[in-house]
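*Asks:* This is the structure, below, for whatever I ask next.
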Number of protein chains: 2
Amino acid sequence: MKIDERLDAATAQVLRGAMGGDAPAQLAQALHYAVTPGGARIRPTILLSVALACGDDRPRLSDAAAVALELIHCASLVHDDLPCFDDADQRRGKATVHRAFSEPLAVLTGDSLIVLAFDVLAAAAGKDADRALQMIRVLSRRTGMPDGICAGQGWESESQVNLSAYHGAKTGALFIAATQMGALAAGQDAEPWEELGARIGEAFQVADDLRDALYDAETLGKPAGQDAAHGRPNAVTSLGVQGAIRRLKDILGGAIASIPSCPGEAMLAEMVRRYAERMTPVAPVLQRADVRR
Amino acid sequence: MKIDERLDAATAQVLRGAMGGDAPAQLAQALHYAVTPGGARIRPTILLSVALACGDDRPRLSDAAAVALELIHCASLVHDDLPCFDDADQRRGKATVHRAFSEPLAVLTGDSLIVLAFDVLAAAAGKDADRALQMIRVLSRRTGMPDGICAGQGWESESQVNLSAYHGAKTGALFIAATQMGALAAGQDAEPWEELGARIGEAFQVADDLRDALYDAETLGKPAGQDAAHGRPNAVTSLGVQGAIRRLKDILGGAIASIPSCPGEAMLAEMVRRYAERMTPVAPVLQRADVRR
């Protein structure tokens, strides 16, 4: 089965469980709305790619890990879109959860998705209790405080920002969770996989900065120019467009060099190269940006 | 060590971990503020009492379970107090988290506490992986969708409410988690302990309805008369004050009868009787209520 098909099947099964029984109908629908149809699902795809590169001897565990990671990512999007944060109307080309349902249901959707993520991992453990527990610890560390995406979002309330801690937590954390949980699902040590995740996370941060600065809202499926509007640090502001693109290429070179030795090493390097192509803004956008500068 | 001291020590250790490293300062303070000084800590006290009644052969596990459960309860209070839900200014006699810090930090505090709860359980597993995984599953079921406190809160967005599902999820869920996790921490089956938790939960719902209807905000440490103000179902409205008190006593009698056979059975029955006394409104309040009716 292809990675996309595995994700679809595993996600559908998990959502059926969460929406079943005596569930309140609107919250059940909001969970489904927040998770499907997914976006690019880059994090779970990286996770499954690493698991496959390591032999993927427990697909039940790696499927669960991929779904859990995507649920956490979706939860963070729902909460980040709330009026008290980005106050966003659109996400993935449709209304945000608090606009389509309500603010209370958006808060509860995020909460329920976080809980569901840990439930999915524990439920998949079977005879591989240690792998499941290690994956739960990696996911909790990269989601909560003091190192996870909650911490990253928390930095935006500080007057003095530790930029490296901020970016590492806000963007890097879930990519590190992706590479480490992929390795753990396949019975490998997590530690050697941290650097690959961290570097892919850095690359996505720079790519996101480029998109935020160069693309319009229609192309993004969400508001554009949000970094400038909220006074947030952005690689394009500090390095310029061409400088940011050079930085992106450097980081991705480092990511490929950091891939631990494993049966699927070459496949993973190819995956990173593919992402690099997709992340680099295409020529017409750059020409327009040059005209604007 | 007494139960209160165990809870203090275990909570302090967990908070130190979450607030350490490169944590953003305000979110770290908000976590501490939301959890300490605790309220009555009834749920973790019940959990540890059940664990003790079952032999408590792994105090590391039962301490972790008690802290995890209280973290989930605190997270639910922080999110329930948000402007889009109860819009409460006061909780436990001090400003609510979104008033003392900010709304973004209150959302993140709740999120971080949920994540931390699961982290604490996974971190405590040691050689008891199966017990830890079972506790994680009980906690996630009683927190998320479709049966947990998120579902309970979600019912408040429905026009047609399934009252039994609503009360079971909103109030009963974490008491069931308390009795079941206490038993699991001590190596016992969870299933026979569901009824005790459910009945204690029902009793607390009725007691809470009585307090909401009879007490003022100063005594409660939070706004009074909220059920009437939000049109929520309340046992005092449907049964009257004396009827609600009779119902409370019936439920607690059933709770005592449901205690599974275990070394500490008599101690647990005594604990329930003690809670019954504390939960029943005292004479002066009842007299005032009779005058008002």
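Starting from 1 in every chain, residues are counted up; chains themselves are A, B, ... following the order of the structure tokens, and ligands are numbered from 1 as listed.
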Can you list, as JSON, numbers by chain, every residue of stretch 39-161 of chain A that DSSP puts in alpha helix (DSSP H)?

*Replies:* {"A": [42, 43, 44, 45, 46, 47, 48, 49, 50, 51, 52, 53, 59, 60, 61, 62, 63, 64, 65, 66, 67, 68, 69, 70, 71, 72, 73, 74, 75, 76, 77, 78, 79, 80, 97, 98, 99, 100, 103, 104, 105, 106, 107, 108, 109, 110, 111, 112, 113, 114, 115, 116, 117, 118, 119, 120, 121, 122, 123, 129, 130, 131, 132, 133, 134, 135, 136, 137, 138, 139, 140, 141, 142, 143, 149, 150, 151, 152, 153, 154, 155]}

*Asks:* Going by DSSP on the backbone, which bits of stretch 46-191 of chain A are strand (DSSP E or B)? Write them as number ranges by chain, please.

*Replies:* A: 90-91, 94-95

*Asks:* Between A:Cys150, A:Ala75, A:Cys54, A:Ala132, which is the closest to B:Ala106 once you count only C-alpha atoms?

*Replies:*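 Closest residue, counting only C-alpha atoms: A:Cys150.
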
*Asks:* For a quick check of understanding, using only C-alpha atoms, which of B:Ala124, B:Ile46, B:Ile136, B:Leu77 has the smallest distance to chain A?

*Replies:*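 So, comparing all the options, the nearest one is B:Ile136.
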
*Asks:* What lies within 7 Å of A:Ala186 using only C-alpha atoms, ignoring chain neighbours under 2 positions off, as a PyMOL selection string?

*Replies:* chain A and resi 51+54-58+182-184+188

*Asks:* I need the residues from that last selection saved to file as a PDB file, in the first residue's frame (with C-alpha atoms), if you can.

*Replies:*
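Output below, filename out-v2.pdb:
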```pdb
ATOM      1  CA  ALA A  51       9.987   3.613   9.263  1.00  0.00           C
ATOM      2  CA  CYS A  54      14.407   1.121   8.808  1.00  0.00           C
ATOM      3  CA  GLY A  55      12.560  -2.033   7.718  1.00  0.00           C
ATOM      4  CA  ASP A  56       9.073  -1.179   9.052  1.00  0.00           C
ATOM      5  CA  ASP A  57       8.663  -4.526  10.811  1.00  0.00           C
ATOM      6  CA  ARG A  58       5.568  -3.325  12.744  1.00  0.00           C
ATOM      7  CA  GLY A 182       9.476   6.484  12.477  1.00  0.00           C
ATOM      8  CA  ALA A 183      12.715   4.953  13.726  1.00  0.00           C
ATOM      9  CA  LEU A 184      11.175   3.821  17.045  1.00  0.00           C
ATOM     10  CA  GLN A 188      15.564   1.554  16.042  1.00  0.00           C
TER      11      GLN A 188
END
```

*Asks:* Considering only C-alpha atoms, can you say which of A:Glu194, A:Asp89, A:Asp128, A:Glu277 comes closest to chain B?

*Replies:*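 The answer is A:Asp128, which sits nearest to chain B.
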
*Asks:* Rank A:Ser76, A:Thr171, A:Gln26, A:Ser159 by their smallest atom-to-atom distance to A:Ala203, using only C-alpha atoms, and report the top residue only.

*Replies:*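 Smallest distance to A:Ala203 is found for A:Thr171.
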